[in-house]
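Engineer: Contents of start.cif (mmCIF, C-alpha atoms and all ligand atoms) are below:
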data_work
#
loop_
_atom_site.label_atom_id
_atom_site.label_comp_id
_atom_site.auth_asym_id
_atom_site.auth_seq_id
_atom_site.Cartn_x
_atom_site.Cartn_y
_atom_site.Cartn_z
CA MET Q 1 15.15 21.68 15.51
CA ASP Q 2 14.49 20.32 18.99
CA GLY Q 3 13.07 16.97 19.81
CA GLU Q 4 13.77 15.05 16.61
CA ASN Q 5 14.00 11.35 17.35
CA HIS Q 6 15.27 10.44 13.90
CA TYR Q 7 17.68 11.23 11.09
CA LEU Q 8 17.88 10.39 7.39
CA LYS Q 9 20.32 7.80 6.10
CA CYS Q 10 21.31 7.06 2.51
CA ILE Q 11 20.73 3.42 1.56
CA GLY Q 12 23.67 3.62 -0.88
CA CYS Q 13 26.63 5.48 0.67
CA GLY Q 14 25.37 5.46 4.24
CA CYS Q 15 25.69 9.24 4.73
CA GLU Q 16 23.51 10.64 7.51
CA TYR Q 17 21.53 13.87 7.50
CA GLU Q 18 19.70 15.94 10.09
CA PRO Q 19 15.98 16.11 9.30
CA ASP Q 20 15.81 19.92 9.32
CA GLU Q 21 15.46 20.48 5.59
CA VAL Q 22 13.52 19.07 2.68
CA LEU Q 23 15.45 16.11 1.26
CA TYR Q 24 14.25 13.34 -1.02
CA LEU Q 25 17.54 11.85 -2.28
CA CYS Q 26 21.05 11.69 -0.86
CA PRO Q 27 22.85 14.98 -1.67
CA THR Q 28 26.14 13.03 -1.79
CA CYS Q 29 25.37 10.11 -4.09
CA GLY Q 30 21.77 10.57 -5.22
CA ASP Q 31 20.46 7.31 -3.78
CA LEU Q 32 17.27 6.80 -1.76
CA LEU Q 33 16.99 7.92 1.86
CA ALA Q 34 15.50 6.05 4.80
CA VAL Q 35 14.33 7.32 8.17
CA GLU Q 36 16.36 5.88 11.04
CA TYR Q 37 15.85 6.30 14.79
CA ARG Q 38 18.48 7.39 17.29
CA GLU Q 39 17.17 4.98 19.88
CA PHE Q 40 14.24 2.59 20.13
CA PRO Q 41 12.19 2.62 23.36
CA LYS Q 42 12.19 -0.51 25.55
CA PRO Q 43 9.78 -3.23 24.35
CA SER Q 44 7.85 -3.25 27.63
CA ASN Q 45 7.35 0.53 27.47
CA LEU Q 46 6.12 0.29 23.90
CA LYS Q 47 3.67 -2.51 24.63
CA GLU Q 48 2.31 -0.60 27.59
CA ALA Q 49 1.87 2.64 25.61
CA TRP Q 50 0.28 0.91 22.62
CA ARG Q 51 -2.25 -1.01 24.68
CA ARG Q 52 -3.79 2.23 25.90
CA ARG Q 53 -4.33 3.68 22.42
CA ASP Q 54 -6.81 3.07 19.61
CA ARG Q 55 -5.75 0.93 16.71
CA THR Q 56 -4.67 3.64 14.27
CA VAL Q 57 -1.33 4.54 12.71
CA TRP Q 58 -0.67 6.88 15.67
CA ARG Q 59 -0.90 4.04 18.17
CA TYR Q 60 2.77 3.55 17.19
CA ARG Q 61 3.85 7.15 17.45
CA GLU Q 62 7.10 6.40 19.32
CA LEU Q 63 8.24 4.73 16.09
CA LEU Q 64 7.12 7.55 13.79
CA PRO Q 65 9.35 10.49 12.79
CA ILE Q 66 7.13 13.28 14.11
CA ARG Q 67 7.87 15.56 17.07
CA LYS Q 68 5.70 15.16 20.17
CA ASP Q 69 4.33 18.72 19.98
CA THR Q 70 3.29 18.64 16.32
CA PRO Q 71 -0.47 18.70 15.64
CA ILE Q 72 -1.24 15.50 13.76
CA ILE Q 73 -3.22 15.51 10.53
CA THR Q 74 -5.34 12.38 10.75
CA LEU Q 75 -8.56 10.83 9.48
CA GLY Q 76 -8.35 7.78 11.74
CA GLU Q 77 -6.36 5.69 9.26
CA GLY Q 78 -5.02 2.23 10.11
CA GLY Q 79 -6.62 -0.41 12.29
CA THR Q 80 -7.83 -2.38 9.27
CA THR Q 81 -9.23 -5.87 9.67
CA LEU Q 82 -7.02 -8.92 9.33
CA ASN Q 83 -9.57 -11.38 7.93
CA ARG Q 84 -9.01 -15.08 8.35
CA CYS Q 85 -10.04 -16.60 5.00
CA PRO Q 86 -10.98 -20.29 5.40
CA ARG Q 87 -12.90 -20.65 2.12
CA LEU Q 88 -10.20 -19.14 -0.02
CA GLY Q 89 -7.69 -21.01 2.14
CA ARG Q 90 -9.30 -24.34 1.31
CA LEU Q 91 -9.13 -23.54 -2.39
CA VAL Q 92 -5.37 -22.93 -2.25
CA GLY Q 93 -4.63 -25.56 0.39
CA LEU Q 94 -3.77 -23.27 3.31
CA ASP Q 95 -5.22 -23.61 6.79
CA ARG Q 96 -3.88 -20.30 8.03
CA LEU Q 97 -4.56 -17.66 5.38
CA TYR Q 98 -5.31 -14.03 6.23
CA VAL Q 99 -6.15 -11.01 4.10
CA LYS Q 100 -5.52 -7.54 5.53
CA ASN Q 101 -8.18 -5.27 4.09
CA GLU Q 102 -6.53 -1.90 3.53
CA GLY Q 103 -9.63 -0.77 1.64
CA GLU Q 104 -11.07 0.04 5.08
CA ASN Q 105 -8.85 3.13 5.33
CA PRO Q 106 -10.51 6.59 5.13
CA THR Q 107 -9.94 7.10 1.41
CA GLY Q 108 -10.01 3.38 0.62
CA SER Q 109 -6.34 2.44 0.37
CA PHE Q 110 -3.13 1.90 2.36
CA LYS Q 111 -1.85 5.24 1.06
CA ASP Q 112 -3.64 6.93 3.96
CA ARG Q 113 -1.14 5.44 6.40
CA GLY Q 114 1.65 7.18 4.55
CA MET Q 115 -0.19 10.43 3.99
CA THR Q 116 -1.08 11.02 7.63
CA VAL Q 117 2.66 11.02 8.39
CA GLY Q 118 3.75 12.74 5.15
CA VAL Q 119 1.25 15.58 5.39
CA THR Q 120 1.95 16.05 9.12
CA ARG Q 121 5.62 16.30 8.16
CA ALA Q 122 4.74 18.92 5.52
CA ILE Q 123 3.16 20.97 8.33
CA GLU Q 124 6.27 20.54 10.52
CA LEU Q 125 8.41 21.80 7.67
CA GLY Q 126 6.13 24.80 7.15
CA MET Q 127 5.24 23.83 3.59
CA GLU Q 128 2.08 25.28 2.09
CA ARG Q 129 1.81 23.26 -1.10
CA VAL Q 130 2.03 19.53 -1.68
CA ALA Q 131 2.10 17.48 -4.86
CA CYS Q 132 2.29 13.97 -6.25
CA ALA Q 133 2.08 11.96 -9.44
CA SER Q 134 -0.30 9.08 -9.15
CA THR Q 135 -1.96 6.05 -10.67
CA GLY Q 136 -4.94 7.14 -8.54
CA ASN Q 137 -4.82 6.13 -4.90
CA THR Q 138 -1.95 8.38 -3.89
CA SER Q 139 -3.74 11.37 -5.41
CA ALA Q 140 -7.05 10.49 -3.72
CA SER Q 141 -5.30 10.20 -0.38
CA LEU Q 142 -3.13 13.29 -0.70
CA ALA Q 143 -6.15 15.33 -1.84
CA ALA Q 144 -8.05 14.34 1.32
CA TYR Q 145 -5.21 14.84 3.81
CA SER Q 146 -4.14 18.16 2.34
CA SER Q 147 -7.74 19.40 2.61
CA ARG Q 148 -7.74 18.36 6.24
CA ALA Q 149 -4.48 20.24 6.77
CA GLY Q 150 -5.49 23.33 4.77
CA LEU Q 151 -2.71 22.85 2.22
CA GLU Q 152 -2.84 23.43 -1.51
CA CYS Q 153 -2.69 20.15 -3.43
CA LEU Q 154 -1.50 19.41 -6.96
CA VAL Q 155 -1.81 15.98 -8.56
CA LEU Q 156 -0.49 14.77 -11.90
CA ILE Q 157 -2.18 11.70 -13.34
CA PRO Q 158 -1.64 9.68 -16.51
CA SER Q 159 -4.30 10.83 -18.96
CA GLY Q 160 -7.35 8.55 -19.05
CA LYS Q 161 -5.56 5.79 -17.13
CA ILE Q 162 -6.79 6.08 -13.57
CA ALA Q 163 -9.84 4.38 -12.14
CA PHE Q 164 -12.99 6.46 -12.05
CA GLY Q 165 -13.48 6.42 -8.28
CA LYS Q 166 -9.98 7.72 -7.61
CA LEU Q 167 -10.34 10.62 -10.03
CA VAL Q 168 -13.64 11.54 -8.39
CA GLN Q 169 -11.96 11.63 -4.97
CA ALA Q 170 -9.21 14.02 -6.08
CA VAL Q 171 -11.82 16.28 -7.67
CA ILE Q 172 -14.22 16.48 -4.70
CA HIS Q 173 -11.38 17.26 -2.27
CA GLY Q 174 -10.50 20.25 -4.42
CA ALA Q 175 -7.05 19.21 -5.61
CA ARG Q 176 -5.65 20.84 -8.69
CA VAL Q 177 -5.75 17.86 -11.06
CA ILE Q 178 -3.60 17.83 -14.18
CA GLN Q 179 -3.71 14.98 -16.69
CA VAL Q 180 -0.35 14.24 -18.26
CA ARG Q 181 -0.24 12.87 -21.79
CA GLY Q 182 1.96 9.97 -20.85
CA ASN Q 183 2.18 7.19 -18.27
CA PHE Q 184 2.75 7.35 -14.50
CA ASP Q 185 6.53 7.21 -14.83
CA GLU Q 186 6.50 10.31 -17.02
CA ALA Q 187 4.11 12.13 -14.68
CA LEU Q 188 6.42 11.33 -11.76
CA ARG Q 189 9.45 12.64 -13.61
CA VAL Q 190 7.62 15.93 -14.23
CA VAL Q 191 6.37 16.41 -10.67
CA ARG Q 192 9.80 15.60 -9.18
CA GLU Q 193 11.35 18.26 -11.36
CA LEU Q 194 8.60 20.71 -10.44
CA CYS Q 195 9.15 20.12 -6.70
CA ASN Q 196 12.90 20.65 -7.15
CA ARG Q 197 12.24 24.02 -8.75
CA HIS Q 198 9.56 25.31 -6.36
CA PRO Q 199 8.74 25.11 -2.65
CA ILE Q 200 6.22 22.31 -3.15
CA TYR Q 201 6.47 19.23 -0.92
CA LEU Q 202 6.63 15.99 -2.89
CA LEU Q 203 4.54 13.17 -1.43
CA ASN Q 204 5.31 10.25 -3.69
CA SER Q 205 6.90 7.24 -2.02
CA VAL Q 206 10.40 8.51 -2.84
CA ASN Q 207 9.63 10.60 0.25
CA PRO Q 208 10.79 8.39 3.15
CA TYR Q 209 8.29 9.86 5.63
CA ARG Q 210 5.42 8.26 3.76
CA LEU Q 211 6.97 4.83 4.09
CA GLU Q 212 7.19 5.32 7.86
CA GLY Q 213 3.40 5.50 8.04
CA GLN Q 214 2.99 2.47 5.79
CA LYS Q 215 5.31 0.29 7.89
CA THR Q 216 2.57 0.21 10.56
CA ILE Q 217 0.90 -2.52 8.47
CA ALA Q 218 3.58 -4.85 9.85
CA TYR Q 219 3.04 -3.72 13.45
CA GLU Q 220 -0.69 -4.32 13.15
CA VAL Q 221 -0.33 -7.74 11.56
CA VAL Q 222 1.83 -8.95 14.46
CA GLU Q 223 -0.51 -7.49 17.08
CA GLN Q 224 -3.55 -8.97 15.32
CA LEU Q 225 -1.92 -12.40 15.18
CA GLY Q 226 -1.37 -12.23 18.93
CA GLY Q 227 2.36 -11.70 18.58
CA LEU Q 228 2.97 -14.25 15.81
CA VAL Q 229 5.03 -13.35 12.75
CA PRO Q 230 3.63 -14.73 9.47
CA ASP Q 231 5.80 -17.06 7.39
CA ARG Q 232 5.00 -15.01 4.29
CA VAL Q 233 3.57 -11.60 3.54
CA ILE Q 234 2.35 -11.16 -0.04
CA VAL Q 235 2.19 -7.61 -1.38
CA PRO Q 236 1.24 -6.16 -4.79
CA VAL Q 237 4.12 -4.09 -6.13
CA GLY Q 238 4.04 -0.95 -8.27
CA ASN Q 239 6.45 1.80 -7.26
CA ALA Q 240 7.73 -0.68 -4.66
CA GLY Q 241 7.35 1.60 -1.65
CA ASN Q 242 4.88 -0.50 0.28
CA ILE Q 243 6.78 -3.78 0.26
CA SER Q 244 9.88 -1.88 1.42
CA ALA Q 245 7.90 -0.14 4.17
CA ILE Q 246 6.28 -3.33 5.45
CA TRP Q 247 9.66 -5.08 5.55
CA LYS Q 248 11.09 -2.14 7.52
CA GLY Q 249 8.24 -2.53 10.01
CA PHE Q 250 8.94 -6.23 10.58
CA ARG Q 251 12.67 -5.58 10.84
CA GLU Q 252 12.15 -2.89 13.48
CA LEU Q 253 9.94 -5.14 15.62
CA TYR Q 254 12.72 -7.71 15.46
CA GLU Q 255 15.48 -5.20 16.30
CA ILE Q 256 13.50 -3.80 19.22
CA GLY Q 257 13.01 -7.31 20.53
CA LEU Q 258 9.23 -7.42 20.21
CA THR Q 259 9.42 -10.40 17.84
CA GLY Q 260 11.82 -13.28 17.38
CA GLU Q 261 11.24 -13.99 13.69
CA LEU Q 262 10.99 -12.30 10.33
CA PRO Q 263 8.61 -13.12 7.47
CA GLN Q 264 9.56 -13.80 3.87
CA MET Q 265 8.43 -10.91 1.69
CA VAL Q 266 6.70 -11.87 -1.55
CA GLY Q 267 6.14 -9.12 -4.14
CA ILE Q 268 3.64 -9.58 -6.97
CA GLN Q 269 3.68 -7.56 -10.20
CA ALA Q 270 1.37 -7.67 -13.21
CA GLU Q 271 3.03 -9.38 -16.19
CA GLY Q 272 2.88 -6.28 -18.39
CA ALA Q 273 4.37 -4.07 -15.68
CA SER Q 274 6.89 -6.30 -13.95
CA PRO Q 275 10.33 -4.70 -14.09
CA ILE Q 276 11.44 -5.94 -10.66
CA ALA Q 277 9.83 -9.39 -10.69
CA SER Q 278 11.06 -10.16 -14.21
CA SER Q 279 14.59 -8.96 -13.49
CA LEU Q 280 14.82 -10.93 -10.22
CA LYS Q 281 13.46 -14.08 -11.83
CA ARG Q 282 16.16 -13.83 -14.48
CA GLY Q 283 18.73 -13.55 -11.70
CA MET Q 284 19.75 -10.01 -12.60
CA GLU Q 285 21.42 -7.78 -10.00
CA THR Q 286 19.79 -4.58 -11.25
CA VAL Q 287 16.32 -3.89 -12.55
CA LYS Q 288 15.50 -3.38 -16.21
CA PHE Q 289 12.71 -0.82 -16.46
CA VAL Q 290 9.67 -1.31 -18.71
CA ASP Q 291 9.03 1.53 -21.17
CA GLU Q 292 5.37 0.92 -21.84
CA PRO Q 293 3.81 -0.81 -18.83
CA GLU Q 294 0.35 -2.26 -19.41
CA THR Q 295 -2.11 -4.01 -17.10
CA VAL Q 296 -5.77 -4.03 -16.18
CA ALA Q 297 -4.59 -3.21 -12.64
CA THR Q 298 -4.03 0.49 -13.36
CA ALA Q 299 -2.82 1.16 -9.80
CA ILE Q 300 0.35 -0.83 -10.50
CA ARG Q 301 0.80 0.15 -14.15
CA ILE Q 302 4.33 1.36 -13.41
CA GLY Q 303 7.48 0.67 -15.45
CA SER Q 304 10.25 2.49 -13.51
CA PRO Q 305 9.62 1.89 -9.79
CA VAL Q 306 11.55 4.51 -7.80
CA ASN Q 307 11.96 2.25 -4.77
CA TRP Q 308 13.24 -0.77 -6.68
CA LYS Q 309 16.48 -0.90 -4.68
CA LYS Q 310 14.68 -0.94 -1.34
CA ALA Q 311 12.30 -3.60 -2.62
CA VAL Q 312 15.07 -5.84 -3.94
CA ARG Q 313 16.73 -5.56 -0.54
CA ALA Q 314 13.50 -6.42 1.26
CA VAL Q 315 13.14 -9.54 -0.89
CA LYS Q 316 16.78 -10.62 -0.56
CA GLU Q 317 17.15 -9.87 3.18
CA SER Q 318 13.95 -11.76 3.92
CA ARG Q 319 14.86 -14.64 1.58
CA GLY Q 320 11.60 -13.92 -0.21
CA LEU Q 321 10.76 -13.67 -3.89
CA MET Q 322 8.85 -11.84 -6.58
CA GLU Q 323 6.34 -13.34 -9.00
CA THR Q 324 4.30 -12.11 -11.94
CA VAL Q 325 0.60 -12.70 -12.63
CA SER Q 326 -1.47 -12.19 -15.76
CA ASP Q 327 -4.43 -9.83 -16.02
CA ASP Q 328 -6.77 -12.84 -16.24
CA GLU Q 329 -5.29 -14.27 -13.05
CA ILE Q 330 -5.73 -10.90 -11.32
CA LEU Q 331 -9.39 -10.62 -12.30
CA GLU Q 332 -10.11 -14.21 -11.32
CA ALA Q 333 -8.52 -13.58 -7.90
CA GLN Q 334 -10.66 -10.45 -7.52
CA ARG Q 335 -13.80 -12.51 -8.20
CA LEU Q 336 -12.74 -15.28 -5.80
CA LEU Q 337 -12.08 -12.85 -2.93
CA ALA Q 338 -15.47 -11.25 -3.49
CA GLN Q 339 -17.42 -14.48 -3.87
CA LEU Q 340 -15.65 -16.72 -1.35
CA GLU Q 341 -14.83 -14.23 1.37
CA GLY Q 342 -17.02 -11.16 0.86
CA LEU Q 343 -14.03 -8.92 0.25
CA PHE Q 344 -14.28 -6.51 -2.67
CA VAL Q 345 -10.84 -5.25 -3.61
CA GLU Q 346 -9.51 -3.44 -6.64
CA PRO Q 347 -7.56 -5.41 -9.29
CA ALA Q 348 -4.10 -4.32 -8.07
CA SER Q 349 -4.95 -5.64 -4.61
CA ALA Q 350 -6.15 -8.94 -6.04
CA ALA Q 351 -2.68 -9.39 -7.53
CA SER Q 352 -1.49 -10.56 -4.10
CA VAL Q 353 -4.09 -13.33 -4.07
CA ALA Q 354 -3.40 -14.19 -7.72
CA GLY Q 355 0.25 -14.57 -6.73
CA LEU Q 356 -0.73 -16.71 -3.76
CA ARG Q 357 -2.66 -19.09 -6.04
CA LYS Q 358 0.26 -19.39 -8.42
CA LEU Q 359 2.79 -20.02 -5.63
CA THR Q 360 0.66 -22.57 -3.78
CA ALA Q 361 -0.13 -24.41 -7.03
CA SER Q 362 3.56 -24.65 -7.88
CA GLY Q 363 4.45 -25.81 -4.37
CA VAL Q 364 6.63 -22.79 -3.52
CA ILE Q 365 4.29 -21.97 -0.66
CA ASP Q 366 3.62 -24.92 1.63
CA GLY Q 367 0.25 -25.90 3.10
CA ASP Q 368 1.33 -25.43 6.72
CA GLU Q 369 2.57 -21.84 6.32
CA LEU Q 370 0.90 -18.84 7.92
CA VAL Q 371 0.33 -16.43 5.03
CA VAL Q 372 -0.89 -12.83 5.02
CA CYS Q 373 -1.98 -11.19 1.76
CA ILE Q 374 -2.20 -7.41 1.72
CA ALA Q 375 -5.33 -6.19 -0.09
CA THR Q 376 -4.19 -2.65 -0.76
CA GLY Q 377 -7.31 -0.85 -2.03
CA HIS Q 378 -11.11 -0.97 -2.13
CA GLY Q 379 -13.02 -2.49 -5.05
CA LEU Q 380 -15.35 0.49 -5.37
CA LYS Q 381 -12.43 2.54 -6.63
CA ASP Q 382 -12.77 0.86 -10.02
CA PRO Q 383 -16.40 -0.15 -10.67
CA ASN Q 384 -16.09 -0.12 -14.47
CA ILE Q 385 -13.78 -3.11 -14.54
CA VAL Q 386 -16.53 -5.17 -12.86
CA LEU Q 387 -19.38 -3.99 -15.09
CA GLU Q 388 -17.32 -4.79 -18.17
CA ARG Q 389 -16.89 -8.41 -17.08
CA PHE Q 390 -20.23 -9.43 -15.64
CA PRO Q 391 -23.60 -9.44 -17.47
CA THR Q 392 -26.06 -6.65 -16.76
CA PRO Q 393 -28.77 -7.94 -14.39
CA VAL Q 394 -32.08 -8.95 -16.06
CA GLU Q 395 -35.07 -6.64 -15.89
CA VAL Q 396 -38.64 -7.74 -15.10
CA ASP Q 397 -42.12 -6.23 -14.73
CA PRO Q 398 -43.06 -5.56 -11.10
CA ASP Q 399 -44.91 -8.83 -10.38
CA VAL Q 400 -43.95 -12.03 -8.57
CA ASP Q 401 -44.84 -14.26 -11.55
CA SER Q 402 -42.17 -12.63 -13.68
CA VAL Q 403 -39.52 -13.14 -11.01
CA GLU Q 404 -40.58 -16.79 -10.53
CA ARG Q 405 -40.39 -17.36 -14.29
CA ILE Q 406 -36.83 -16.00 -14.35
CA LEU Q 407 -35.84 -18.09 -11.34
CA GLY Q 408 -37.48 -21.18 -12.84
CA ILE Q 409 -39.48 -21.91 -9.69
CA LYS Q 410 -43.23 -22.81 -9.81
CA THR Q 411 -45.86 -21.22 -7.63
CA VAL Q 412 -46.83 -23.47 -4.72
CA ARG Q 413 -49.99 -22.36 -2.92
CA ALA Q 414 -49.74 -23.15 0.74
CA ALA Q 415 -53.09 -24.00 2.37
CA ARG Q 416 -54.03 -21.46 5.01
C1 LIG R 501 -4.18 -0.42 -4.68
O1 LIG R 501 -1.46 5.71 -6.30
O2 LIG R 501 1.48 4.18 -7.09
O3 LIG R 501 4.45 -0.66 -4.70
O4 LIG R 501 0.18 6.50 -7.46
O5 LIG R 501 -2.81 1.91 -5.45
O6 LIG R 501 4.02 1.06 -2.94
O7 LIG R 501 3.69 1.61 -5.34
C2 LIG R 501 -0.45 3.17 -6.22
C3 LIG R 501 0.08 1.98 -5.87
C4 LIG R 501 -0.69 -1.47 -4.77
C5 LIG R 501 1.49 -0.44 -5.28
N1 LIG R 501 -2.00 -1.47 -4.65
O8 LIG R 501 2.15 0.08 -4.15
C6 LIG R 501 -0.38 5.58 -6.83
C7 LIG R 501 0.32 4.28 -6.73
C8 LIG R 501 -2.71 -0.35 -4.86
C9 LIG R 501 -2.07 0.83 -5.25
C10 LIG R 501 0.01 -0.33 -5.17
C11 LIG R 501 -0.67 0.83 -5.42
P1 LIG R 501 3.67 0.56 -4.29
#
Here is the file; what I need is its structure written in the form of structure tokens.

Structural biologist:
Amino acid sequence: MDGENHYLKCIGCGCEYEPDEVLYLCPTCGDLLAVEYREFPKPSNLKEAWRRRDRTVWRYRELLPIRKDTPIITLGEGGTTLNRCPRLGRLVGLDRLYVKNEGENPTGSFKDRGMTVGVTRAIELGMERVACASTGNTSASLAAYSSRAGLECLVLIPSGKIAFGKLVQAVIHGARVIQVRGNFDEALRVVRELCNRHPIYLLNSVNPYRLEGQKTIAYEVVEQLGGLVPDRVIVPVGNAGNISAIWKGFRELYEIGLTGELPQMVGIQAEGASPIASSLKRGMETVKFVDEPETVATAIRIGSPVNWKKAVRAVKESRGLMETVSDDEILEAQRLLAQLEGLFVEPASAASVAGLRKLTASGVIDGDELVVCIATGHGLKDPNIVLERFPTPVEVDPDVDSVERILGIKTVRAAR
């Protein structure tokens, strides 16, 4: 193939592969693959090119593994707001706290950044069918992008365990949806096997092209901070692709010479689904998987994260850490974001803020640090979790007196 600016490199044995065939794991040792670039453009050229483009994932196309002549499958993903959060900041004792609202993406989560690149890659490879296993957001995103590309889409989901809004998205986009009697890890095992047997392109985050799209979160954060690199970036972790991708983005900016610092990566897992965080906290070198993961944050209800090795590297290289949070802490963080800052995020996303509260309270994160929390998905994805927790609004007859009685305010007649 002409014009490829990248190759695939094994993170274990270091073997390199031309990107002219479908590869998910290293054929030599079976470890994960990463996209690497033959040469990075000059920083001044990049800055100049980026300035002229809209704030979407494709603003950074020199650093994406897609040929120049390939038609891009896009829905305008990326360019999400980096909200400064003074009220939440005061609560946790931080002056410089930001939340990046990935719920603003076309299908309501950061997955769209990965899918625009992954599905465009599927087109480059001439694939006609795509598939994924999903806790919900990946399937919603893949369903949308494959419709846009005219590809057939298959999604496997854990039976009864994905949020209502996400299921609805996969259905309306016409994906073939199959519920697996089992958890996400089992659904992923099945779909990986299926994609090995048939010409179906796998778009879970074991596919390194997806992570290339997701790394643009890092590029945007730095641009939105006017060139500053945060001291910490806090990310909810499930399959551990996103934290690895964001770290790769920061590392590339540093290698290119666009930044002079690197952030510490902080990964947050839900207590009942915390294979990486629990293993790291115990000082283990490998990760002990969780057989029956459980958490209210269904998006990150994952026990055997495929990208654990990349994530552990991201944490160690950045001198960061992982922490766990309880379901109660997650739901309280969701409420605080909504009521202090006007940001409605799904429970998995609130895990980053729950982690922030825990780490500021314990003094691990200092008051003068610049912290960015990644809010990964929109709150409307999972409305049931809210209705279960808050009382149903009262009902009144259609007259002002009834409303006043409820509010406990007396009628005051103003003289005309
Ligand atoms: C809102 O959709 O795994 O650590 O199948 O939906 O990169 O897995 C979702 C993951 C965080 C964790 N926040 O990201 C899926 C899926 C939200 C998510 C994560 C997910 P990774």

Engineer: Please identify all polymer residues within 6 Å of Ala143 of chain Q, counting all atoms listed in the file, omitting same-chain residues fewer than 6 positions from it, and present them as a PyMOL selection string.

Structural biologist: chain Q and resi 170+173+175

Engineer: Choose the residue, out of Q:Leu380, Q:Val403, Q:Val325, Q:Leu211, that has the smallest atom-to-atom separation from Phe164 of chain Q; count all atoms listed in the file.

Structural biologist: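 Under the stated criterion, the closest residue is Q:Leu380.
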
Engineer: For Lys68 of chain Q, find every residue with an atom within 9 Å (counting only C-alpha atoms), except residues of its own chain fewer than 3 positions away, and show them as a list in words.

Structural biologist: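 Everything that qualifies: Gly3, Glu4, Arg61, Glu62 and Pro71 of chain Q.
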
Engineer: Would you save the residues of that selection, restricted to C-alpha atoms, as a CSV table (one decimal), keeping the file's coordinate frame?

Structural biologist:
chain,number,residue,atom,x,y,z
Q,3,GLY,CA,13.1,17.0,19.8
Q,4,GLU,CA,13.8,15.0,16.6
Q,61,ARG,CA,3.8,7.2,17.4
Q,62,GLU,CA,7.1,6.4,19.3
Q,71,PRO,CA,-0.5,18.7,15.6

Engineer: For chain Q against ligand LIG 501 (chain R), with a cut-off of 6 Å and counting only C-alpha atoms and all ligand atoms, what is the closest atom pair and its distance in Å to one decimal for every residue that makes the cut, ordered by chain and number, as a Markdown table?

Structural biologist:
| residue | atom | partner | partner_atom | distance |
| --- | --- | --- | --- | --- |
| Q:Ser134 | CA | R:LIG501 | O4 | 3.1 |
| Q:Thr135 | CA | R:LIG501 | O4 | 3.9 |
| Q:Gly136 | CA | R:LIG501 | O1 | 4.4 |
| Q:Asn137 | CA | R:LIG501 | O1 | 3.7 |
| Q:Thr138 | CA | R:LIG501 | O1 | 3.6 |
| Q:Pro236 | CA | R:LIG501 | C4 | 5.1 |
| Q:Val237 | CA | R:LIG501 | O3 | 3.7 |
| Q:Gly238 | CA | R:LIG501 | O3 | 3.6 |
| Q:Asn239 | CA | R:LIG501 | O7 | 3.4 |
| Q:Ala240 | CA | R:LIG501 | O3 | 3.3 |
| Q:Gly241 | CA | R:LIG501 | O6 | 3.6 |
| Q:Asn242 | CA | R:LIG501 | O6 | 3.7 |
| Q:Ala299 | CA | R:LIG501 | O5 | 4.4 |
| Q:Ile300 | CA | R:LIG501 | C5 | 5.4 |
| Q:Ala348 | CA | R:LIG501 | N1 | 4.9 |
| Q:Ser349 | CA | R:LIG501 | N1 | 5.1 |
| Q:Thr376 | CA | R:LIG501 | C1 | 4.5 |
| Q:Gly377 | CA | R:LIG501 | C1 | 4.1 |

Engineer: Restricting the calculation to only C-alpha atoms: of Q:Leu280, Q:Leu337, Q:Ile162, Q:Met115, which residue gets closest to Leu75 of chain Q?

Structural biologist: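 Closest to Leu75 of chain Q of all the choices is Q:Met115.
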
Engineer: List every protein, DNA or RNA residue that has at least one atom no more than 9 Å from (12.9, -3.5, 17.9) in the file's coordinates, counting only C-alpha atoms, and write the result as a list in words.

Structural biologist: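 Residues lying no farther than 9 Å from the given point: Phe40, Pro41, Lys42, Pro43, Phe250, Arg251, Glu252, Leu253, Tyr254, Glu255, Ile256, Gly257, Leu258 and Thr259 of chain Q.
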
Engineer: Please work out which residues fall within 10 Å of (8.1, -1.9, 3.3), coordinates as given in the file, with only C-alpha atoms counting, and return them as a list in words.

Structural biologist: Leu211, Glu212, Gly213, Gln214, Lys215, Thr216, Ile217, Ala218, Val235, Ala240, Gly241, Asn242, Ile243, Ser244, Ala245, Ile246, Trp247, Lys248, Gly249, Phe250, Arg251, Met265, Asn307, Lys310, Ala311 and Ala314 of chain Q

Engineer: Please compute the atom CA of Leu202 of chain Q-atom CA of Ser304 of chain Q distance, one decimal, in Å.

Structural biologist: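 Computing the Euclidean distance for atom CA of Leu202 of chain Q and atom CA of Ser304 of chain Q yields 17.6 Å.
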
Engineer: Which residues come within 7 Å of Asn83 of chain Q, counting all atoms listed in the file, excluding same-chain residues fewer than 3 positions away, as an MDAnalysis selection string?

Structural biologist: chainID Q and resid 98:100

Engineer: Keeping only C-alpha atoms, take the residues you just selected and write them out as a compact mmCIF listing (two decimals), in the coordinates of the input.

Structural biologist:
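Heads up, here's the output in part29.txt:
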# COMPACT_ATOMS: atom_id res chain seq x y z
CA TYR Q 98 -5.31 -14.03 6.23
CA VAL Q 99 -6.15 -11.01 4.10
CA LYS Q 100 -5.52 -7.54 5.53

Engineer: Provide an axis-aligned box for all listed atoms of segment 325-341 of chain Q, padding each side by 6 Å; report its centre and its edge lengths in Å to one decimal, as lines of an AutoDock Vina configuration file.

Structural biologist:
center_x = -8.4
center_y = -13.3
center_z = -7.4
size_x = 30.0
size_y = 18.9
size_z = 29.6

Engineer: What's around Asp54 of chain Q at 10 Å? Count all atoms listed in the file, leave out sequence neighbours fewer than 3 positions away in its own chain, and write the answer as a list in words.

Structural biologist: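 In the requested form, the answer reads Trp50, Arg51, Val57, Trp58, Arg59, Tyr60, Gly76, Gly78 and Gly79 of chain Q.
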